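Participant: Sharing a structure below in structure tokens format, with a few things to ask.
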Amino acid sequence: MHELSIAMSIVELAEEEIEKNGGTQVHAVHLKLGLLSGVVKDALLSSFGLACEGTALAGSRLMIEEVPVIAYCARCDAPRPVSSVEWFVCPECRAPVSQVLQGRELQVVALEIQ
Amino acid sequence: MSTTPPRLVEVRQNILKHNDLVARELRRRFDDARVFVVSLVSSPGAGKTAFLEKTLATMLTTHRPTYRVAALVGDLATENDAIRLARSQAPVRQIVTGTVCHLEAAMIEKAIEEWRDLKMEDLDFLFIENVGNLVCPSSYDLGENLRVVLLSVTEGEDKPLKYPTIFNTADVAIITKADLADAVDFDAAAALRNIQAVRPGMRIMTVSSKTGAGMPEWLNFLAASADRRVISPE
């Protein structure tokens, strides 16, 4: 369970942005979360409120966009979605795929600041 | 009194950017010192410490050529692992993480800075034993050159399918406790198949820290990896 420390990093990052952009309160944090990021969405959502207490993010919403895994298939010479992280295989030609192009994201995309 | 409406500010920043920055700086330092850094991750009880003890002792003494090695070992509590590893005669330092379930780059940086009698330049290999955990360590870059995931024969062949992210972020898999394989009816083919399913093409080695089986292949692999090491750009 490292979602609380991830949530605290989000708060830290948002507070830096407030300082840069002006504002006193964050209403919402928009996040991209890859399915291979190692972070569990529900655990992060439940840690977030706790991490926000007593900060400029208190009461803010965490909007999570889950990012599916896309890998490069050498046989097709094309990016392909990986439908299961338990089986890295091209959905078209069934070749194993190992080069992950997308799905490790752990990124704050935008903040709603007032 | 007028209030300004909320506005949307684009940020596009990695949540772990502080960790990534420290890790990048560490990697540069390790490259400058020409020390090859290997991190070990596994579930608790997979045999990381026994494997590392055997690796350190062999590299220091019987392997030809011998190597200058040291280890950092992370645990939630106790210095037991550092005491065990010190039996190998290698310099060892414990990182007690308290309640934190994984190592972060800043912990490595701090441990190295406080390790006054050890210079990175005087080492060929530095090993980092992460906290026993197959989930959290996957998100944190430690500046290592090689990330090794361990799976013991007593754990069940489907572990890679249950924890795909850690296997997918590791470079090499080591199957440990091979001496117990028969006793627990370990299905080696299934284990290899499951690792390949979550990380196609992954190099897998099977060892017994007790009997030493498989250790020469592992040590030759380490030496070759260090020779092939690509100095990171920037």
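Here, A, B, ... name the chains of the structure tokens in the order displayed, residue numbers run from 1 inside each chain, and ligands are numbered from 1 in the same displayed order.
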Apply DSSP to the structure's backbone, then extract all residues of region 100-224 of chain B labelled helix (DSSP H, G or I) and return them as a ChimeraX atom specification.
Facilitator: /B:105-114,120-122,136-139,159-162,164-169,178-180,188-198,215-224
Participant: Could the residues of chain B within 6 Å of chain A, counting only C-alpha atoms, be given as an MDAnalysis selection string, please?
Facilitator: chainID B and resid 6:15 136 139 161 165 197:198 200
Participant: Those residues with C-alpha atoms, as a compact mmCIF listing (two decimals), in the first residue's frame please?
Facilitator:
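Contents of the output file out.txt:
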```txt
# COMPACT_ATOMS: atom_id res chain seq x y z
CA PRO B 6 -12.16 28.19 -10.87
CA ARG B 7 -9.82 27.91 -13.84
CA LEU B 8 -8.26 24.87 -15.42
CA VAL B 9 -4.47 24.89 -15.33
CA GLU B 10 -2.57 22.37 -17.48
CA VAL B 11 0.18 20.72 -15.51
CA ARG B 12 1.39 17.50 -17.21
CA GLN B 13 3.86 16.49 -14.51
CA ASN B 14 4.82 13.06 -13.33
CA ILE B 15 3.63 12.51 -9.79
CA CYS B 136 4.91 -0.88 -4.30
CA SER B 139 6.72 2.53 -9.17
CA LEU B 161 0.20 -13.41 -13.27
CA THR B 165 3.56 -4.97 -12.98
CA ALA B 197 3.34 -14.13 -20.57
CA VAL B 198 3.75 -10.93 -18.54
CA PRO B 200 7.97 -11.70 -23.18
```
Participant: Env of Glu92 (chain A): 10 Å cut, atoms = only C-alpha atoms, seq-sep filter 2 positions within chain, self excluded. Answer as a PDB file with C-alpha atoms, in the first residue's frame.
Facilitator:
```
ATOM      1  CA  CYS A  73       4.234  -5.453 -32.050  1.00  0.00           C
ATOM      2  CA  ARG A  75       5.634  -8.634 -36.338  1.00  0.00           C
ATOM      3  CA  CYS A  76       2.866  -6.182 -37.299  1.00  0.00           C
ATOM      4  CA  ARG A  80      -1.277  -2.644 -30.412  1.00  0.00           C
ATOM      5  CA  PRO A  81      -3.496  -2.557 -27.310  1.00  0.00           C
ATOM      6  CA  VAL A  89       0.351 -10.646 -26.744  1.00  0.00           C
ATOM      7  CA  CYS A  90      -0.654  -8.860 -29.958  1.00  0.00           C
ATOM      8  CA  ARG A  94      -0.838 -13.333 -31.337  1.00  0.00           C
ATOM      9  CA  ALA A  95       2.917 -12.600 -31.230  1.00  0.00           C
TER      10      ALA A  95
END
```
Participant: Applying 9 Å and only C-alpha atoms, which residues near region 93-107 of chain B remain after dropping the ones on its own chain fewer than 3 positions away? List them as a ChimeraX atom specification.
Facilitator: /A:1-2,5 /B:18-23,26,70-83,86,110-112,115,129-133,135-138,140-143
Participant: Can I get the selected residues back with C-alpha atoms, as a PDB file, in the first residue's frame?
Facilitator:
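Everything below was put into out.pdb:
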```pdb
ATOM      1  CA  MET A   1       0.000   0.000   0.000  1.00  0.00           C
ATOM      2  CA  HIS A   2       1.924   3.023  -1.209  1.00  0.00           C
ATOM      3  CA  SER A   5       2.510   8.387  -0.314  1.00  0.00           C
TER       4      SER A   5
ATOM      5  CA  HIS B  18      11.010  14.238  -7.407  1.00  0.00           C
ATOM      6  CA  ASN B  19      11.886  10.565  -7.160  1.00  0.00           C
ATOM      7  CA  ASP B  20      12.691  10.427 -10.880  1.00  0.00           C
ATOM      8  CA  LEU B  21      14.996  13.453 -10.603  1.00  0.00           C
ATOM      9  CA  VAL B  22      16.903  11.983  -7.653  1.00  0.00           C
ATOM     10  CA  ALA B  23      17.098   8.618  -9.454  1.00  0.00           C
ATOM     11  CA  LEU B  26      22.030   8.798  -8.741  1.00  0.00           C
ATOM     12  CA  ALA B  70      28.713  -3.699  -1.253  1.00  0.00           C
ATOM     13  CA  ALA B  71      25.016  -3.811  -0.390  1.00  0.00           C
ATOM     14  CA  LEU B  72      22.237  -1.574   0.846  1.00  0.00           C
ATOM     15  CA  VAL B  73      19.337  -3.430   2.388  1.00  0.00           C
ATOM     16  CA  GLY B  74      15.876  -2.035   3.029  1.00  0.00           C
ATOM     17  CA  ASP B  75      13.482  -3.337   5.666  1.00  0.00           C
ATOM     18  CA  LEU B  76      10.542  -1.945   7.583  1.00  0.00           C
ATOM     19  CA  ALA B  77      12.278  -2.760  10.867  1.00  0.00           C
ATOM     20  CA  THR B  78      15.350  -4.490  12.364  1.00  0.00           C
ATOM     21  CA  GLU B  79      18.942  -4.625  11.191  1.00  0.00           C
ATOM     22  CA  ASN B  80      18.874  -8.422  10.975  1.00  0.00           C
ATOM     23  CA  ASP B  81      19.440  -8.603   7.234  1.00  0.00           C
ATOM     24  CA  ALA B  82      22.449  -6.288   7.369  1.00  0.00           C
ATOM     25  CA  ILE B  83      23.942  -8.440  10.121  1.00  0.00           C
ATOM     26  CA  ALA B  86      27.857  -8.710   6.757  1.00  0.00           C
ATOM     27  CA  LYS B 110      20.857   9.594   1.932  1.00  0.00           C
ATOM     28  CA  ALA B 111      22.295   6.171   2.764  1.00  0.00           C
ATOM     29  CA  ILE B 112      25.190   6.684   0.356  1.00  0.00           C
ATOM     30  CA  TRP B 115      28.177   5.956   4.350  1.00  0.00           C
ATOM     31  CA  GLU B 129      17.809  -5.210  -1.576  1.00  0.00           C
ATOM     32  CA  ASN B 130      14.341  -3.669  -1.602  1.00  0.00           C
ATOM     33  CA  VAL B 131      11.696  -4.179   1.072  1.00  0.00           C
ATOM     34  CA  GLY B 132       9.903  -7.520   0.562  1.00  0.00           C
ATOM     35  CA  ASN B 133       6.885  -6.426  -1.474  1.00  0.00           C
ATOM     36  CA  VAL B 135       3.548  -4.209  -5.471  1.00  0.00           C
ATOM     37  CA  CYS B 136       4.913  -0.882  -4.299  1.00  0.00           C
ATOM     38  CA  PRO B 137       8.590  -1.032  -5.392  1.00  0.00           C
ATOM     39  CA  SER B 138       7.533  -1.197  -9.053  1.00  0.00           C
ATOM     40  CA  TYR B 140      10.055   3.808  -7.862  1.00  0.00           C
ATOM     41  CA  ASP B 141      13.207   4.185  -9.941  1.00  0.00           C
ATOM     42  CA  LEU B 142      16.248   3.850  -7.657  1.00  0.00           C
ATOM     43  CA  GLY B 143      18.843   4.758 -10.268  1.00  0.00           C
TER      44      GLY B 143
END
```
Participant: Residues within 10 Å of Thr211 (chain B), please, as a list in words. Count only C-alpha atoms; anything in the same chain fewer than 6 positions from it doesn't count.
Facilitator: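 So, after excluding close chain neighbours, the residues are Lys54, Lys177, Ala178 and Asp179 of chain B.
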Participant: So that I can see what lies close to Asp187 (chain B), please list as an MDAnalysis selection string the residues with an atom at most 10 Å from it, counting only C-alpha atoms and leaving out residues fewer than 5 positions away in the same chain.
Facilitator: chainID B and resid 153 156:157 181:182 192
Participant: Using only C-alpha atoms, please write the residues we just selected to a file, as a short mmCIF file (atom, residue, chain, number, x, y, z; two decimals), in the first residue's frame.
Facilitator:
```
data_model
loop_
_atom_site.label_atom_id
_atom_site.label_comp_id
_atom_site.auth_asym_id
_atom_site.auth_seq_id
_atom_site.Cartn_x
_atom_site.Cartn_y
_atom_site.Cartn_z
CA VAL B 153 9.75 -22.34 -5.99
CA GLY B 156 3.40 -20.90 -6.62
CA GLU B 157 3.90 -20.73 -10.35
CA ALA B 181 11.57 -27.74 -6.23
CA ASP B 182 10.89 -31.48 -6.01
CA LEU B 192 8.59 -19.95 -17.07
#
```
Participant: Please provide as a CSV table (one decimal) with C-alpha atoms, in the first residue's frame all residues within 6 Å of Val35 (chain B), with the sequence filter that same-chain residues fewer than 3 positions apart are discarded (counting only C-alpha atoms).
Facilitator:
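Output saved as out-v4.csv:
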```csv
chain,number,residue,atom,x,y,z
B,30,PHE,CA,26.9,5.6,-10.4
B,123,LEU,CA,33.2,-0.5,-6.0
B,124,ASP,CA,32.5,-2.6,-9.0
B,125,PHE,CA,29.0,-3.6,-7.9
```
Participant: Using DSSP assignments from the backbone, pull out every residue in region 1-146 of chain B that falls under strand (DSSP E) and give it to me as a PyMOL selection string.
Facilitator: chain B and resi 7-14+36-41+69-75+92-96+125-129+146
